Amino acid sequence: MADTRKVNQDEAYLLGLRQRDSRVLGQIYTRFFPMLAQHVRQRGGSEDDAKDVFQDTMVVLFRKLQSPDFQLTSSLGTFLMGVGRKVWLKKVSRRGSHPEEALVEVELEDEEKIETELEITERNRLFRAKLLQLGQDCQKVLRLFFAGIPMAQIAQKMGFASENYAKKRKFQCKQKLTKLIKEDPRFKELTYEGN
């Protein structure tokens, strides 16, 4: 009977997340964060590390939920802890530490997909951090461009004299952003296959 309630609760959590119910996110945090935080602290991490790990873990879960084929094959707690362990190991290995746990392979059914999700999360974090280092003008031009706004409209919104000038500014801003990203030490750590 307890197992059925746990499954039903996990399904309710997933349904709430799919519906973007912030209360459900709060309930998940309250229920599962302490376990993950304890795991991270026991392995040399801080409370901030644990929060980062939990956030990255939730990003993986949100991405998985976007797939109509996704089915939870374990309890939600087991899934979150498995992904969280993997996220923490990845962070520790990037710092150059080698905890004993790194020798233990965390087994998840779709581990390769989770690894890909983590790489995407790290790339996005680096991209956003470097975008914020650009001037306000460049940030706005690139945000409009990445949102798919036509160059003529970007020129108009930015008060540029012409569409050609908007293209020139976009090119310059992308170059600055690319330079900032490539100069960051995290860039070399991330595998940018195909880029």
# chains A, B, ... in the order shown; residues from 1 in each chain; ligands from 1

call {"tool": "residues_around", "arguments": {"residues": "A:Leu36", "least_positions_apart": "4", "cutoff": "9 Å", "atoms": "only C-alpha atoms", "output": "ChimeraX atom specification"}}
result
/A:32,40-41,50-51,53-54,80-81,84-85

call {"tool": "residues_around", "arguments": {"residues": "stretch 156-170 of chain A", "least_positions_apart": "2", "cutoff": "9 Å", "atoms": "only C-alpha atoms", "output": "PyMOL selection string"}}
result
chain A and resi 137-138+140-142+145+151-154+172-175

call {"tool": "closest_residue", "arguments": {"among": "A:Val92, A:Val59, A:Leu17, A:Ala147", "to": "A:Ile120", "atoms": "only C-alpha atoms"}}
result
A:Val59

call {"tool": "atom_distance", "arguments": {"atom1": "atom CA of A:Thr73", "atom2": "atom CA of A:Gly16"}}
result
18.1 Å

call {"tool": "atom_distance", "arguments": {"atom1": "atom CA of A:Arg43", "atom2": "atom CA of A:Leu61"}}
result
23.1 Å

call {"tool": "residues_around", "arguments": {"residues": "stretch 127-134 of chain A", "least_positions_apart": "2", "cutoff": "7 Å", "atoms": "only C-alpha atoms", "output": "MDAnalysis selection string"}}
result
chainID A and resid 123:125 136 138:139 177 180:181
